[in-house]
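A short write-up of the structure that comes next.
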Amino acid sequence: MGWAHRVLSGAGGVHSGMAHPSRHHPRHLLQLRGMNADGIRSLLSAAQAHDGMKPEGAALAGRTVATLFLEDSTRTRTSFQLAARRLGAEVVDLSGVGLSTSKGETLADTARTIEAMGVDAIVVRASQAGAPHLIADSVRCGVLNAGDGRHEHPTQGLLDALALARAKNLTGTFDFSGLTFAIVGDLGASRVARSDIEIMTMLGARVLLVGPAAMVPGGMGERDGVEIERDMDRAIDQADAVQMLRVQFERHGGRGIASVREYRAGYALTVERARRMKDGAVVMHPGPMNRGLEIDDAVADGSDGLPRSIVLDQVSCGLPVRMAAIERAVGVEIDVSGRA
Ligand code: CP
């Protein structure tokens with residue numbers, strides 16, 4: 001079913017002559033840090049109103065979204081592109097093509113060049129933290145951060161919250177008070193962890209950061225609603241959701257891990273550990289997974305007798321979340337007032 005859309009006041013993209021939106025302009029989605037719970041709940045409600053799997057008509061007909069992925073991606077790039085198309089927008093994919101940055105063009109000039117062709121929103125992934133902010137300072141159109149270095153991955157945080165809310169029947173309130181959300185593993189290298197910490201605490205969850213000191217620096221736990229737990233078994237005794245993180249060998253070459261065997265003994269979500277999770281607790285992983293390292297196959301797949309895995313629900317939630325984020329970026333808002 002299609003939902004009514006309205007163009008937000010002052011919106012109109014690069015062609016409207018609107019004042020230059022700074023990086024603080026509400027249409028950008030650069031990071032979850034600094035947003036408030038109302039803003040987050042409004043985005044999640046808009047996402048929940050989209051089915052995500054069905055064509056939505058032409059809310060964004062005539063609009064163009066550019067995807068600029070300077071780092072590899074399967075889930076995020078595909079779902080941003082599908083989301084834009086489901087809304088009727090045209091998609092220009094600049095990922096993996098030979099860009100003129102190789103000739104010395106700056107990222108800011110590349111972004112301005114893309115925008116000058118009439119693009120209404122730029123989705124960017126980069127290995128440098130802050131690259132989306134730099135682009136947002138250089139263009140007038142909406143900018144969406146699809147993951148920047150070790151900084152943030154805001155749409156991943158949103159889709160993790162949507163998947164958890166659906167699993168716990170909390171889409172009416174998006175209030176996670178009383179829930180304990182454990183994030184396990186390579187947190188220091190993880191932009192997903194940073195966005196998850198922001199959103200889960202904002203929605204009222206207690207967050208446990210679980211891992212060895214080399215991967216979970218003590219400073220990460222120094223904020224309200226967040227605790228560090230070095231003992232994985234104690235963490236899974238308490239958690240209502242366990243978000244396993246990939247060990248990011250490409251970022252640190254495995255420094256901080258004495259051996260794979262030792263890492264698995266301390267922090268993997270093995271079948272044996274999964275069997276001891278609380279009743280109703282769910283298994284999560286943002287992907288891509290190192291099966292057999294941080295998570296056992298049967299646990300990732302939610303095999304019989306094991307806790308429910310919502311790993312693929314997380315992927316599915318990427319579509320409606322990115323639809324809502326794109327609409328906001330181009331200044332079109334779904335009207336959720338008639339939602340049940
Ligand atoms: N979770 C995530 O960002 O996956 P991709 O790297 O495949 O986009």
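Residue numbering restarts at 1 in every chain; chains get A, B, ... in the order shown in the structure tokens, and ligands count up from 1 in that same order.
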
Point to revise | All residues 10 Å or closer to stretch 102-107 of chain A, only C-alpha atoms, same chain fewer than 6 positions away omitted, as a ChimeraX atom specification | key: /A:113,131-132,134-135,138

**Study point:** Within 6 Å of ligand 1 (only C-alpha atoms and all ligand atoms), residues as a ChimeraX atom specification
**Key:** /A:73-77,286-288

Grab the residues selected above and save them as a PDB file, in the first residue's frame with N, CA and C atoms.
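As a result, again_31.pdb now contains:
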```pdb
ATOM      1  N   SER A  73      30.907  -2.814  -0.336  1.00  0.00           N
ATOM      2  CA  SER A  73      29.639  -2.992   0.383  1.00  0.00           C
ATOM      3  C   SER A  73      28.743  -3.922  -0.423  1.00  0.00           C
ATOM      4  N   THR A  74      28.026  -4.778   0.256  1.00  0.00           N
ATOM      5  CA  THR A  74      26.970  -5.566  -0.393  1.00  0.00           C
ATOM      6  C   THR A  74      25.614  -5.042   0.054  1.00  0.00           C
ATOM      7  N   ARG A  75      25.366  -5.105   1.383  1.00  0.00           N
ATOM      8  CA  ARG A  75      24.052  -4.773   1.928  1.00  0.00           C
ATOM      9  C   ARG A  75      23.683  -3.300   1.763  1.00  0.00           C
ATOM     10  N   THR A  76      24.582  -2.434   2.200  1.00  0.00           N
ATOM     11  CA  THR A  76      24.225  -1.011   2.284  1.00  0.00           C
ATOM     12  C   THR A  76      24.023  -0.412   0.894  1.00  0.00           C
ATOM     13  N   ARG A  77      24.954  -0.681  -0.012  1.00  0.00           N
ATOM     14  CA  ARG A  77      24.844  -0.107  -1.357  1.00  0.00           C
ATOM     15  C   ARG A  77      23.585  -0.626  -2.059  1.00  0.00           C
ATOM     16  N   PRO A 286      25.485  -7.467  12.097  1.00  0.00           N
ATOM     17  CA  PRO A 286      25.249  -6.535  10.988  1.00  0.00           C
ATOM     18  C   PRO A 286      25.734  -7.063   9.647  1.00  0.00           C
ATOM     19  N   GLY A 287      26.582  -8.099   9.678  1.00  0.00           N
ATOM     20  CA  GLY A 287      27.164  -8.627   8.456  1.00  0.00           C
ATOM     21  C   GLY A 287      28.228  -7.681   7.912  1.00  0.00           C
ATOM     22  N   PRO A 288      29.115  -8.157   7.056  1.00  0.00           N
ATOM     23  CA  PRO A 288      29.301  -9.569   6.722  1.00  0.00           C
ATOM     24  C   PRO A 288      29.870 -10.353   7.916  1.00  0.00           C
TER      25      PRO A 288
END
```

**Study point:** Test item, helix (DSSP H, G or I) assignment across stretch 100-340 of chain A, answer as a VMD selection string
**Key:** chain A and resid 100 to 103 107 to 116 131 to 136 154 to 167 191 to 202 218 to 221 232 to 238 249 to 252 260 to 267 271 to 275 297 to 300 311 to 330

What's around A:Gly218 at 12 Å? Count only C-alpha atoms, leave out sequence neighbours fewer than 6 positions away in its own chain, and write the answer as a PDB file with N, CA, C and O atoms, in the first residue's frame.
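Final output, saved to result.pdb:
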```
ATOM      1  N   LEU A 187      34.826  -3.904  18.910  1.00  0.00           N
ATOM      2  CA  LEU A 187      34.082  -2.632  18.965  1.00  0.00           C
ATOM      3  C   LEU A 187      34.920  -1.416  18.593  1.00  0.00           C
ATOM      4  O   LEU A 187      34.420  -0.483  17.972  1.00  0.00           O
ATOM      5  N   GLY A 188      36.189  -1.426  18.974  1.00  0.00           N
ATOM      6  CA  GLY A 188      37.020  -0.249  18.743  1.00  0.00           C
ATOM      7  C   GLY A 188      37.107   0.100  17.265  1.00  0.00           C
ATOM      8  O   GLY A 188      37.166   1.267  16.892  1.00  0.00           O
ATOM      9  N   LEU A 209      28.961  -3.527  26.512  1.00  0.00           N
ATOM     10  CA  LEU A 209      30.030  -3.637  25.519  1.00  0.00           C
ATOM     11  C   LEU A 209      30.935  -4.782  25.963  1.00  0.00           C
ATOM     12  O   LEU A 209      31.495  -4.744  27.065  1.00  0.00           O
ATOM     13  N   VAL A 210      31.080  -5.781  25.108  1.00  0.00           N
ATOM     14  CA  VAL A 210      31.700  -7.032  25.528  1.00  0.00           C
ATOM     15  C   VAL A 210      32.900  -7.351  24.642  1.00  0.00           C
ATOM     16  O   VAL A 210      32.761  -7.459  23.415  1.00  0.00           O
ATOM     17  N   GLY A 211      34.063  -7.513  25.274  1.00  0.00           N
ATOM     18  CA  GLY A 211      35.244  -7.876  24.495  1.00  0.00           C
ATOM     19  C   GLY A 211      36.499  -7.659  25.303  1.00  0.00           C
ATOM     20  O   GLY A 211      36.462  -7.105  26.408  1.00  0.00           O
ATOM     21  N   PRO A 212      37.635  -8.079  24.736  1.00  0.00           N
ATOM     22  CA  PRO A 212      38.906  -7.878  25.429  1.00  0.00           C
ATOM     23  C   PRO A 212      39.314  -6.410  25.393  1.00  0.00           C
ATOM     24  O   PRO A 212      38.838  -5.658  24.542  1.00  0.00           O
ATOM     25  N   VAL A 226      25.689   2.769  29.512  1.00  0.00           N
ATOM     26  CA  VAL A 226      26.645   1.863  28.867  1.00  0.00           C
ATOM     27  C   VAL A 226      27.581   1.280  29.923  1.00  0.00           C
ATOM     28  O   VAL A 226      28.082   2.000  30.782  1.00  0.00           O
ATOM     29  N   GLU A 227      27.788  -0.036  29.842  1.00  0.00           N
ATOM     30  CA  GLU A 227      28.726  -0.698  30.752  1.00  0.00           C
ATOM     31  C   GLU A 227      29.632  -1.609  29.947  1.00  0.00           C
ATOM     32  O   GLU A 227      29.209  -2.148  28.921  1.00  0.00           O
ATOM     33  N   ILE A 228      30.846  -1.804  30.438  1.00  0.00           N
ATOM     34  CA  ILE A 228      31.750  -2.772  29.811  1.00  0.00           C
ATOM     35  C   ILE A 228      31.687  -4.078  30.590  1.00  0.00           C
ATOM     36  O   ILE A 228      31.703  -4.067  31.823  1.00  0.00           O
ATOM     37  N   GLU A 229      31.597  -5.180  29.868  1.00  0.00           N
ATOM     38  CA  GLU A 229      31.587  -6.505  30.507  1.00  0.00           C
ATOM     39  C   GLU A 229      32.638  -7.349  29.768  1.00  0.00           C
ATOM     40  O   GLU A 229      32.494  -7.614  28.572  1.00  0.00           O
ATOM     41  N   ARG A 230      33.681  -7.720  30.463  1.00  0.00           N
ATOM     42  CA  ARG A 230      34.756  -8.479  29.814  1.00  0.00           C
ATOM     43  C   ARG A 230      34.427  -9.968  29.718  1.00  0.00           C
ATOM     44  O   ARG A 230      35.087 -10.697  28.986  1.00  0.00           O
TER      45      ARG A 230
END
```

Stretch 68-176 of chain A residues near stretch 314-329 of chain A within 10 Å, closest pair each, using only C-alpha atoms, as CSV:
```
residue,atom,partner,partner_atom,distance
A:Arg75,CA,A:Val315,CA,6.9
A:Thr76,CA,A:Gly318,CA,7.4
A:Thr78,CA,A:Leu319,CA,9.0
A:Ser79,CA,A:Leu319,CA,5.3
A:Phe80,CA,A:Arg322,CA,5.8
A:Gln81,CA,A:Arg322,CA,9.0
A:Leu82,CA,A:Leu319,CA,7.1
A:Ala83,CA,A:Met323,CA,4.9
A:Ala84,CA,A:Met323,CA,6.4
A:Arg85,CA,A:Met323,CA,9.2
A:Arg86,CA,A:Met323,CA,7.9
A:Leu87,CA,A:Met323,CA,7.1
A:Ala89,CA,A:Ile326,CA,9.7
A:Asp120,CA,A:Ala329,CA,8.0
A:Ala121,CA,A:Ala329,CA,6.4
A:Ile122,CA,A:Ala329,CA,8.9
A:Val123,CA,A:Ile326,CA,8.9
A:Cys141,CA,A:Ala329,CA,7.7
A:Gly142,CA,A:Ala329,CA,4.6
A:Val143,CA,A:Ala329,CA,6.8
A:Leu144,CA,A:Ala329,CA,7.4
A:Ala146,CA,A:Arg322,CA,9.8
A:Pro154,CA,A:Ala325,CA,9.9
A:Thr155,CA,A:Val321,CA,6.8
A:Gln156,CA,A:Gly318,CA,7.3
A:Gly157,CA,A:Val321,CA,9.8
A:Leu158,CA,A:Val321,CA,6.7
A:Leu159,CA,A:Cys317,CA,5.3
A:Asp160,CA,A:Gln314,CA,5.9
A:Ala161,CA,A:Gln314,CA,8.8
A:Leu162,CA,A:Cys317,CA,6.6
A:Ala163,CA,A:Gln314,CA,5.3
A:Leu164,CA,A:Gln314,CA,8.3
A:Arg166,CA,A:Cys317,CA,9.5
```

Resulting file, chosen residues, N, CA and C atoms, as a short mmCIF file (atom, residue, chain, number, x, y, z; two decimals), in the first residue's frame:
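Final output, saved to part_23.cif:
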```cif
data_model
loop_
_atom_site.label_atom_id
_atom_site.label_comp_id
_atom_site.auth_asym_id
_atom_site.auth_seq_id
_atom_site.Cartn_x
_atom_site.Cartn_y
_atom_site.Cartn_z
N ARG A 75 25.37 -5.11 1.38
CA ARG A 75 24.05 -4.77 1.93
C ARG A 75 23.68 -3.30 1.76
N THR A 76 24.58 -2.43 2.20
CA THR A 76 24.23 -1.01 2.28
C THR A 76 24.02 -0.41 0.89
N THR A 78 23.37 -1.94 -2.00
CA THR A 78 22.21 -2.51 -2.70
C THR A 78 20.91 -1.97 -2.12
N SER A 79 20.83 -1.90 -0.79
CA SER A 79 19.55 -1.48 -0.23
C SER A 79 19.30 0.01 -0.41
N PHE A 80 20.34 0.84 -0.42
CA PHE A 80 20.13 2.26 -0.75
C PHE A 80 19.61 2.38 -2.19
N GLN A 81 20.19 1.61 -3.09
CA GLN A 81 19.76 1.71 -4.49
C GLN A 81 18.33 1.21 -4.67
N LEU A 82 18.02 0.07 -4.05
CA LEU A 82 16.65 -0.46 -4.13
C LEU A 82 15.67 0.51 -3.50
N ALA A 83 16.07 1.09 -2.37
CA ALA A 83 15.17 2.02 -1.66
C ALA A 83 14.85 3.22 -2.55
N ALA A 84 15.86 3.78 -3.18
CA ALA A 84 15.63 4.95 -4.05
C ALA A 84 14.71 4.57 -5.20
N ARG A 85 14.95 3.40 -5.78
CA ARG A 85 14.12 2.99 -6.93
C ARG A 85 12.68 2.70 -6.49
N ARG A 86 12.52 2.09 -5.32
CA ARG A 86 11.15 1.81 -4.83
C ARG A 86 10.35 3.09 -4.67
N LEU A 87 11.06 4.19 -4.43
CA LEU A 87 10.38 5.48 -4.25
C LEU A 87 10.22 6.23 -5.56
N ALA A 89 12.75 7.19 -7.61
CA ALA A 89 13.89 8.04 -7.97
C ALA A 89 14.79 7.32 -8.96
N ASP A 120 19.87 15.01 -6.27
CA ASP A 120 19.14 15.53 -5.10
C ASP A 120 19.68 15.01 -3.78
N ALA A 121 20.40 13.87 -3.82
CA ALA A 121 20.98 13.33 -2.59
C ALA A 121 22.20 12.50 -2.96
N ILE A 122 23.21 12.56 -2.10
CA ILE A 122 24.43 11.76 -2.31
C ILE A 122 24.59 10.83 -1.12
N VAL A 123 24.71 9.53 -1.42
CA VAL A 123 24.96 8.53 -0.39
C VAL A 123 26.44 8.19 -0.47
N CYS A 141 22.74 19.65 -1.61
CA CYS A 141 21.79 18.54 -1.56
C CYS A 141 21.97 17.73 -0.28
N GLY A 142 21.04 16.84 -0.01
CA GLY A 142 21.13 16.00 1.18
C GLY A 142 22.28 15.00 1.06
N VAL A 143 22.94 14.73 2.17
CA VAL A 143 24.05 13.77 2.20
C VAL A 143 23.75 12.70 3.23
N LEU A 144 23.92 11.45 2.82
CA LEU A 144 23.63 10.31 3.70
C LEU A 144 24.91 9.52 3.91
N ALA A 146 26.84 6.39 4.57
CA ALA A 146 26.65 4.93 4.46
C ALA A 146 27.78 4.18 5.15
N PRO A 154 25.12 5.36 10.43
CA PRO A 154 23.82 5.69 11.04
C PRO A 154 22.64 4.85 10.54
N THR A 155 22.59 4.53 9.25
CA THR A 155 21.43 3.73 8.81
C THR A 155 21.52 2.30 9.34
N GLN A 156 22.74 1.81 9.62
CA GLN A 156 22.85 0.49 10.25
C GLN A 156 22.28 0.55 11.67
N GLY A 157 22.60 1.61 12.41
CA GLY A 157 22.02 1.74 13.75
C GLY A 157 20.50 1.78 13.69
N LEU A 158 19.98 2.53 12.73
CA LEU A 158 18.51 2.62 12.61
C LEU A 158 17.90 1.27 12.25
N LEU A 159 18.52 0.56 11.32
CA LEU A 159 17.92 -0.72 10.93
C LEU A 159 18.07 -1.76 12.03
N ASP A 160 19.12 -1.67 12.81
CA ASP A 160 19.25 -2.58 13.96
C ASP A 160 18.13 -2.30 14.97
N ALA A 161 17.84 -1.02 15.18
CA ALA A 161 16.77 -0.67 16.12
C ALA A 161 15.41 -1.11 15.56
N LEU A 162 15.20 -0.95 14.27
CA LEU A 162 13.92 -1.36 13.69
C LEU A 162 13.75 -2.89 13.78
N ALA A 163 14.82 -3.62 13.48
CA ALA A 163 14.74 -5.09 13.55
C ALA A 163 14.47 -5.54 14.98
N LEU A 164 15.12 -4.90 15.95
CA LEU A 164 14.91 -5.27 17.36
C LEU A 164 13.48 -4.93 17.78
N ARG A 166 10.85 -4.74 15.92
CA ARG A 166 9.92 -5.71 15.32
C ARG A 166 9.97 -7.04 16.06
#
```

Practice item. Within stretch 42-176 of chain A, find each residue whose DSSP state, derived from the backbone, is strand (DSSP E), and express the selection as a VMD selection string. Key: chain A and resid 64 to 69 90 to 93 121 to 126 142 to 148
